[in-house]
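**Student:** entry21.cif is the file, holding mmCIF, N, CA and C atoms and all ligand atoms:
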```cif
data_start
#
loop_
_atom_site.label_atom_id
_atom_site.label_comp_id
_atom_site.auth_asym_id
_atom_site.auth_seq_id
_atom_site.Cartn_x
_atom_site.Cartn_y
_atom_site.Cartn_z
N MET A 1 34.97 97.15 101.59
CA MET A 1 35.67 95.92 101.99
C MET A 1 36.39 95.26 100.81
N THR A 2 35.82 95.42 99.62
CA THR A 2 36.46 94.76 98.48
C THR A 2 37.84 95.35 98.21
N SER A 3 37.97 96.68 98.48
CA SER A 3 39.28 97.28 98.21
C SER A 3 40.35 96.72 99.15
N ARG A 4 39.98 96.46 100.42
CA ARG A 4 40.95 95.88 101.35
C ARG A 4 41.36 94.48 100.91
N LYS A 5 40.35 93.75 100.41
CA LYS A 5 40.64 92.40 99.94
C LYS A 5 41.61 92.47 98.75
N GLY A 6 41.31 93.48 97.87
CA GLY A 6 42.16 93.65 96.70
C GLY A 6 43.59 93.97 97.09
N ALA A 7 43.70 94.81 98.12
CA ALA A 7 45.03 95.20 98.58
C ALA A 7 45.77 93.99 99.14
N ALA A 8 45.02 93.16 99.86
CA ALA A 8 45.65 91.95 100.42
C ALA A 8 46.14 91.04 99.31
N LYS A 9 45.31 90.93 98.26
CA LYS A 9 45.70 90.09 97.13
C LYS A 9 46.95 90.63 96.45
N ALA A 10 46.98 91.98 96.32
CA ALA A 10 48.13 92.61 95.67
C ALA A 10 49.39 92.36 96.49
N ARG A 11 49.23 92.43 97.83
CA ARG A 11 50.38 92.15 98.70
C ARG A 11 50.87 90.72 98.52
N GLN A 12 49.85 89.82 98.43
CA GLN A 12 50.20 88.41 98.26
C GLN A 12 50.97 88.19 96.96
N ARG A 13 50.46 88.85 95.90
CA ARG A 13 51.10 88.68 94.59
C ARG A 13 52.53 89.25 94.63
N ALA A 14 52.67 90.40 95.29
CA ALA A 14 54.00 91.02 95.37
C ALA A 14 54.97 90.10 96.12
N ALA A 15 54.46 89.47 97.20
CA ALA A 15 55.30 88.57 97.98
C ALA A 15 55.70 87.37 97.13
N PHE A 16 54.73 86.86 96.34
CA PHE A 16 55.02 85.71 95.49
C PHE A 16 56.06 86.07 94.44
N GLU A 17 55.87 87.24 93.85
CA GLU A 17 56.82 87.63 92.79
C GLU A 17 58.22 87.88 93.36
N ALA A 18 58.28 88.41 94.55
CA ALA A 18 59.58 88.60 95.20
C ALA A 18 60.25 87.25 95.43
N GLY A 19 59.41 86.28 95.88
CA GLY A 19 59.93 84.94 96.11
C GLY A 19 60.42 84.31 94.82
N ALA A 20 59.63 84.46 93.75
CA ALA A 20 60.01 83.89 92.46
C ALA A 20 61.27 84.56 91.94
N GLY A 21 61.38 85.85 92.23
CA GLY A 21 62.57 86.58 91.82
C GLY A 21 63.82 86.01 92.47
N ASP A 22 63.71 85.72 93.77
CA ASP A 22 64.84 85.10 94.48
C ASP A 22 65.23 83.77 93.86
N LEU A 23 64.19 83.00 93.51
CA LEU A 23 64.43 81.68 92.93
C LEU A 23 65.15 81.82 91.59
N GLY A 24 64.70 82.81 90.80
CA GLY A 24 65.31 83.02 89.50
C GLY A 24 66.76 83.46 89.63
N ASP A 25 67.06 84.10 90.74
CA ASP A 25 68.40 84.63 90.99
C ASP A 25 69.32 83.56 91.57
N LEU A 26 68.73 82.43 91.93
CA LEU A 26 69.48 81.39 92.64
C LEU A 26 70.69 80.92 91.84
N PHE A 27 70.47 80.72 90.55
CA PHE A 27 71.57 80.22 89.71
C PHE A 27 72.69 81.24 89.62
N ALA A 28 72.30 82.50 89.47
CA ALA A 28 73.31 83.56 89.40
C ALA A 28 74.10 83.62 90.70
N ARG A 29 73.39 83.47 91.82
CA ARG A 29 74.09 83.53 93.10
C ARG A 29 75.02 82.34 93.27
N GLU A 30 74.54 81.14 92.83
CA GLU A 30 75.35 79.92 92.94
C GLU A 30 76.60 80.06 92.06
N GLU A 31 76.40 80.63 90.88
CA GLU A 31 77.51 80.86 89.96
C GLU A 31 78.56 81.79 90.60
N ARG A 32 78.03 82.86 91.24
CA ARG A 32 78.90 83.83 91.88
C ARG A 32 79.67 83.17 93.04
N ARG A 33 78.94 82.33 93.81
CA ARG A 33 79.55 81.66 94.94
C ARG A 33 80.70 80.76 94.46
N ARG A 34 80.44 80.05 93.36
CA ARG A 34 81.47 79.17 92.81
C ARG A 34 82.67 79.96 92.33
N ALA A 35 82.41 81.08 91.67
CA ALA A 35 83.50 81.91 91.17
C ALA A 35 84.33 82.44 92.33
N GLU A 36 83.63 82.83 93.41
CA GLU A 36 84.35 83.33 94.59
C GLU A 36 85.18 82.23 95.22
N ALA A 37 84.60 81.01 95.31
CA ALA A 37 85.32 79.89 95.90
C ALA A 37 86.54 79.57 95.06
N SER A 38 86.42 79.62 93.75
CA SER A 38 87.55 79.28 92.92
C SER A 38 88.60 80.40 92.93
N ALA A 39 88.15 81.64 93.09
CA ALA A 39 89.10 82.74 93.23
C ALA A 39 89.87 82.61 94.55
N ALA A 40 89.17 82.18 95.59
CA ALA A 40 89.83 81.99 96.89
C ALA A 40 90.85 80.85 96.81
N ARG A 41 90.48 79.78 96.09
CA ARG A 41 91.40 78.66 95.93
C ARG A 41 92.64 79.11 95.16
N GLU A 42 92.39 79.86 94.11
CA GLU A 42 93.48 80.38 93.28
C GLU A 42 94.40 81.28 94.10
N ALA A 43 93.81 82.12 94.96
CA ALA A 43 94.60 83.02 95.79
C ALA A 43 95.44 82.23 96.79
N ALA A 44 94.86 81.15 97.34
CA ALA A 44 95.59 80.31 98.29
C ALA A 44 96.77 79.63 97.61
N LEU A 45 96.55 79.16 96.39
CA LEU A 45 97.62 78.54 95.61
C LEU A 45 98.73 79.54 95.34
N ARG A 46 98.31 80.75 94.95
CA ARG A 46 99.29 81.78 94.62
C ARG A 46 100.10 82.16 95.86
N LEU A 47 99.41 82.23 96.99
CA LEU A 47 100.10 82.56 98.24
C LEU A 47 101.17 81.52 98.53
N ARG A 48 100.82 80.24 98.35
CA ARG A 48 101.75 79.16 98.67
C ARG A 48 102.89 79.11 97.65
N ALA A 49 102.54 79.30 96.38
CA ALA A 49 103.52 79.10 95.32
C ALA A 49 104.32 80.36 95.02
N CYS A 50 103.85 81.51 95.44
CA CYS A 50 104.47 82.75 94.99
C CYS A 50 104.69 83.74 96.13
N GLU A 51 103.58 84.24 96.69
CA GLU A 51 103.70 85.41 97.58
C GLU A 51 104.42 85.10 98.89
N SER A 52 104.35 83.84 99.34
CA SER A 52 104.99 83.52 100.61
C SER A 52 106.46 83.16 100.41
N LYS A 53 106.93 83.19 99.16
CA LYS A 53 108.30 82.76 98.88
C LYS A 53 109.20 83.93 98.54
N ASN A 54 110.48 83.70 98.69
CA ASN A 54 111.44 84.67 98.19
C ASN A 54 111.35 84.72 96.68
N ARG A 55 111.54 85.91 96.15
CA ARG A 55 111.46 86.07 94.70
C ARG A 55 112.83 86.52 94.18
N TYR A 56 113.23 85.90 93.12
CA TYR A 56 114.50 86.26 92.48
C TYR A 56 114.21 86.80 91.10
N ALA A 57 114.93 87.83 90.74
CA ALA A 57 114.65 88.51 89.47
C ALA A 57 115.13 87.70 88.28
N SER A 58 116.12 86.85 88.51
CA SER A 58 116.65 86.08 87.39
C SER A 58 117.02 84.68 87.84
N LEU A 59 117.20 83.80 86.88
CA LEU A 59 117.62 82.44 87.17
C LEU A 59 118.99 82.45 87.85
N ALA A 60 119.86 83.36 87.41
CA ALA A 60 121.20 83.45 88.01
C ALA A 60 121.10 83.78 89.50
N ASP A 61 120.23 84.73 89.85
CA ASP A 61 120.02 85.08 91.26
C ASP A 61 119.50 83.87 92.05
N ALA A 62 118.55 83.16 91.45
CA ALA A 62 117.96 81.99 92.10
C ALA A 62 119.02 80.92 92.31
N GLU A 63 119.86 80.72 91.30
CA GLU A 63 120.89 79.68 91.42
C GLU A 63 121.95 80.07 92.46
N GLU A 64 122.19 81.35 92.57
CA GLU A 64 123.10 81.83 93.60
C GLU A 64 122.54 81.49 94.99
N ALA A 65 121.23 81.71 95.14
CA ALA A 65 120.58 81.39 96.42
C ALA A 65 120.62 79.89 96.68
N ILE A 66 120.41 79.09 95.62
CA ILE A 66 120.49 77.63 95.78
C ILE A 66 121.88 77.24 96.25
N ALA A 67 122.90 77.86 95.66
CA ALA A 67 124.29 77.55 96.04
C ALA A 67 124.54 77.92 97.49
N SER A 68 124.01 79.07 97.95
CA SER A 68 124.29 79.44 99.34
C SER A 68 123.47 78.58 100.30
N CYS A 69 122.28 78.14 99.89
CA CYS A 69 121.52 77.18 100.71
C CYS A 69 122.30 75.87 100.83
N ALA A 70 122.86 75.43 99.72
CA ALA A 70 123.63 74.18 99.71
C ALA A 70 124.82 74.30 100.66
N ALA A 71 125.43 75.51 100.69
CA ALA A 71 126.57 75.74 101.57
C ALA A 71 126.15 75.62 103.04
N TYR A 72 124.85 75.92 103.32
CA TYR A 72 124.35 75.79 104.69
C TYR A 72 123.67 74.46 104.93
N GLY A 73 123.78 73.56 103.96
CA GLY A 73 123.29 72.20 104.18
C GLY A 73 121.93 71.89 103.60
N THR A 74 121.29 72.89 102.96
CA THR A 74 119.99 72.60 102.33
C THR A 74 120.21 72.27 100.87
N ARG A 75 120.05 71.00 100.56
CA ARG A 75 120.28 70.56 99.18
C ARG A 75 118.98 70.17 98.50
N GLY A 76 119.08 69.96 97.20
CA GLY A 76 117.92 69.48 96.43
C GLY A 76 116.95 70.58 96.07
N LEU A 77 117.37 71.83 96.12
CA LEU A 77 116.48 72.92 95.72
C LEU A 77 116.55 73.14 94.21
N HIS A 78 115.41 73.53 93.67
CA HIS A 78 115.34 73.85 92.24
C HIS A 78 114.74 75.23 92.08
N ALA A 79 115.15 75.89 91.04
CA ALA A 79 114.55 77.18 90.71
C ALA A 79 113.48 76.95 89.65
N TYR A 80 112.40 77.69 89.75
CA TYR A 80 111.39 77.62 88.68
C TYR A 80 110.86 79.02 88.39
N ARG A 81 110.49 79.21 87.17
CA ARG A 81 109.87 80.47 86.74
C ARG A 81 108.44 80.50 87.25
N CYS A 82 108.09 81.58 87.91
CA CYS A 82 106.75 81.68 88.50
C CYS A 82 105.75 82.24 87.49
N PRO A 83 104.65 81.53 87.27
CA PRO A 83 103.65 82.02 86.31
C PRO A 83 102.85 83.20 86.87
N HIS A 84 102.93 83.43 88.20
CA HIS A 84 102.13 84.50 88.81
C HIS A 84 102.85 85.84 88.75
N CYS A 85 104.14 85.85 89.08
CA CYS A 85 104.85 87.12 89.19
C CYS A 85 105.97 87.24 88.16
N ASN A 86 106.19 86.14 87.39
CA ASN A 86 107.22 86.17 86.36
C ASN A 86 108.64 86.23 86.93
N GLY A 87 108.74 86.10 88.24
CA GLY A 87 110.07 86.01 88.86
C GLY A 87 110.47 84.55 89.01
N TRP A 88 111.47 84.31 89.83
CA TRP A 88 111.94 82.95 90.07
C TRP A 88 111.81 82.65 91.55
N HIS A 89 111.38 81.41 91.85
CA HIS A 89 111.30 80.96 93.23
C HIS A 89 112.07 79.66 93.35
N LEU A 90 112.31 79.27 94.60
CA LEU A 90 112.97 77.98 94.85
C LEU A 90 111.95 77.00 95.39
N THR A 91 112.12 75.75 95.02
CA THR A 91 111.28 74.70 95.57
C THR A 91 112.16 73.51 95.89
N SER A 92 111.74 72.74 96.87
CA SER A 92 112.49 71.52 97.17
C SER A 92 111.84 70.32 96.48
N LYS A 93 110.72 70.60 95.79
CA LYS A 93 110.08 69.52 95.03
C LYS A 93 110.92 69.19 93.80
N PRO A 94 110.98 67.93 93.42
CA PRO A 94 111.70 67.60 92.20
C PRO A 94 111.09 68.28 90.98
N ALA A 95 111.93 68.69 90.07
CA ALA A 95 111.45 69.35 88.86
C ALA A 95 110.55 68.38 88.08
N ARG A 96 109.53 68.94 87.46
CA ARG A 96 108.62 68.12 86.65
C ARG A 96 109.33 67.68 85.37
N PRO A 97 109.05 66.44 84.94
CA PRO A 97 109.70 65.95 83.73
C PRO A 97 109.28 66.74 82.49
ZN ZN B 101 105.85 84.36 92.04
#
```
With the file now loaded, output its structure as structure tokens.
**Tutor:**
Amino acid sequence: MTSRKGAAKARQRAAFEAGAGDLGDLFAREERRRAEASAAREAALRLRACESKNRYASLADAEEAIASCAAYGTRGLHAYRCPHCNGWHLTSKPARP
């Protein structure tokens, strides 16, 4: 009977250690969750600022597009160099000072 009791104790200890292991891993998991959330935010920003927009290879191309937009009545567009793809996009937001 003592061996069964011992086995039960060993099971209990294993369960405790597994639980403690999860707890110790909590910070790593939280860190990972935060990194994933911030990567998702970054991807959403990139989608809005870059991937969902027309891309122009040069400022001259972008300005040509601005001119043709103006001809169709869309004014106030600015070209900006994209930090994500290194191309040029158009925005209707005022240029930053
Ligand atoms: Zn871009």
**Student:** Of the candidates A:Ile66, A:Leu77, A:Cys50, A:Leu59, which shows the shortest atom-to-atom distance to ligand ZN 101 (chain B), using all atoms listed in the file?
**Tutor:**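 Looking only at the distances to ligand ZN 101 (chain B), the closest residue turns out to be A:Cys50.
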**Student:** Please write out the residues within 10 Å of ligand ZN 101 (chain B) as a PDB file with N, CA and C atoms, in the coordinates of the input, counting only C-alpha atoms and all ligand atoms.
**Tutor:**
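Resulting contents of pocket.pdb:
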```
ATOM      1  N   ARG A  46      98.310  80.750  94.950  1.00  0.00           N
ATOM      2  CA  ARG A  46      99.290  81.780  94.620  1.00  0.00           C
ATOM      3  C   ARG A  46     100.100  82.160  95.860  1.00  0.00           C
ATOM      4  N   LEU A  47      99.410  82.230  96.990  1.00  0.00           N
ATOM      5  CA  LEU A  47     100.100  82.560  98.240  1.00  0.00           C
ATOM      6  C   LEU A  47     101.170  81.520  98.530  1.00  0.00           C
ATOM      7  N   ARG A  48     100.820  80.240  98.350  1.00  0.00           N
ATOM      8  CA  ARG A  48     101.750  79.160  98.670  1.00  0.00           C
ATOM      9  C   ARG A  48     102.890  79.110  97.650  1.00  0.00           C
ATOM     10  N   ALA A  49     102.540  79.300  96.380  1.00  0.00           N
ATOM     11  CA  ALA A  49     103.520  79.100  95.320  1.00  0.00           C
ATOM     12  C   ALA A  49     104.320  80.360  95.020  1.00  0.00           C
ATOM     13  N   CYS A  50     103.850  81.510  95.440  1.00  0.00           N
ATOM     14  CA  CYS A  50     104.470  82.750  94.990  1.00  0.00           C
ATOM     15  C   CYS A  50     104.690  83.740  96.130  1.00  0.00           C
ATOM     16  N   GLU A  51     103.580  84.240  96.690  1.00  0.00           N
ATOM     17  CA  GLU A  51     103.700  85.410  97.580  1.00  0.00           C
ATOM     18  C   GLU A  51     104.420  85.100  98.890  1.00  0.00           C
ATOM     19  N   SER A  52     104.350  83.840  99.340  1.00  0.00           N
ATOM     20  CA  SER A  52     104.990  83.520 100.610  1.00  0.00           C
ATOM     21  C   SER A  52     106.460  83.160 100.410  1.00  0.00           C
ATOM     22  N   LYS A  53     106.930  83.190  99.160  1.00  0.00           N
ATOM     23  CA  LYS A  53     108.300  82.760  98.880  1.00  0.00           C
ATOM     24  C   LYS A  53     109.200  83.930  98.540  1.00  0.00           C
ATOM     25  N   ASN A  54     110.480  83.700  98.690  1.00  0.00           N
ATOM     26  CA  ASN A  54     111.440  84.670  98.190  1.00  0.00           C
ATOM     27  C   ASN A  54     111.350  84.720  96.680  1.00  0.00           C
ATOM     28  N   ARG A  55     111.540  85.910  96.150  1.00  0.00           N
ATOM     29  CA  ARG A  55     111.460  86.070  94.700  1.00  0.00           C
ATOM     30  C   ARG A  55     112.830  86.520  94.180  1.00  0.00           C
ATOM     31  N   TYR A  56     113.230  85.900  93.120  1.00  0.00           N
ATOM     32  CA  TYR A  56     114.500  86.260  92.480  1.00  0.00           C
ATOM     33  C   TYR A  56     114.210  86.800  91.100  1.00  0.00           C
ATOM     34  N   TYR A  80     112.400  77.690  89.750  1.00  0.00           N
ATOM     35  CA  TYR A  80     111.390  77.620  88.680  1.00  0.00           C
ATOM     36  C   TYR A  80     110.860  79.020  88.390  1.00  0.00           C
ATOM     37  N   ARG A  81     110.490  79.210  87.170  1.00  0.00           N
ATOM     38  CA  ARG A  81     109.870  80.470  86.740  1.00  0.00           C
ATOM     39  C   ARG A  81     108.440  80.500  87.250  1.00  0.00           C
ATOM     40  N   CYS A  82     108.090  81.580  87.910  1.00  0.00           N
ATOM     41  CA  CYS A  82     106.750  81.680  88.500  1.00  0.00           C
ATOM     42  C   CYS A  82     105.750  82.240  87.490  1.00  0.00           C
ATOM     43  N   PRO A  83     104.650  81.530  87.270  1.00  0.00           N
ATOM     44  CA  PRO A  83     103.650  82.020  86.310  1.00  0.00           C
ATOM     45  C   PRO A  83     102.850  83.200  86.870  1.00  0.00           C
ATOM     46  N   HIS A  84     102.930  83.430  88.200  1.00  0.00           N
ATOM     47  CA  HIS A  84     102.130  84.500  88.810  1.00  0.00           C
ATOM     48  C   HIS A  84     102.850  85.840  88.750  1.00  0.00           C
ATOM     49  N   CYS A  85     104.140  85.850  89.080  1.00  0.00           N
ATOM     50  CA  CYS A  85     104.850  87.120  89.190  1.00  0.00           C
ATOM     51  C   CYS A  85     105.970  87.240  88.160  1.00  0.00           C
ATOM     52  N   ASN A  86     106.190  86.140  87.390  1.00  0.00           N
ATOM     53  CA  ASN A  86     107.220  86.170  86.360  1.00  0.00           C
ATOM     54  C   ASN A  86     108.640  86.230  86.930  1.00  0.00           C
ATOM     55  N   GLY A  87     108.740  86.100  88.240  1.00  0.00           N
ATOM     56  CA  GLY A  87     110.070  86.010  88.860  1.00  0.00           C
ATOM     57  C   GLY A  87     110.470  84.550  89.010  1.00  0.00           C
ATOM     58  N   TRP A  88     111.470  84.310  89.830  1.00  0.00           N
ATOM     59  CA  TRP A  88     111.940  82.950  90.070  1.00  0.00           C
ATOM     60  C   TRP A  88     111.810  82.650  91.550  1.00  0.00           C
ATOM     61  N   HIS A  89     111.380  81.410  91.850  1.00  0.00           N
ATOM     62  CA  HIS A  89     111.300  80.960  93.230  1.00  0.00           C
ATOM     63  C   HIS A  89     112.070  79.660  93.350  1.00  0.00           C
ATOM     64  N   LEU A  90     112.310  79.270  94.600  1.00  0.00           N
ATOM     65  CA  LEU A  90     112.970  77.980  94.850  1.00  0.00           C
ATOM     66  C   LEU A  90     111.950  77.000  95.390  1.00  0.00           C
TER      67      LEU A  90
END
```
**Student:** Enumerate as number ranges by chain all residues of chain A assigned to strand (DSSP E) by DSSP on the backbone, naming them with the chain letters and numbers the document uses.
**Tutor:** A: 78-81, 88-91
**Student:** Please measure the separation of CA of Ser92 in chain A and atom N of Ala65 in chain A, giving the value in Å to one decimal.
**Tutor:**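 Spanning CA of Ser92 in chain A to atom N of Ala65 in chain A is a straight-line distance of 13.6 Å.
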**Student:** Could you please determine the separation between atom N of Glu31 in chain A and CA of Phe16 in chain A in Å, to one decimal place?
**Tutor:**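 Result for atom N of Glu31 in chain A versus CA of Phe16 in chain A: 22.5 Å, one decimal.
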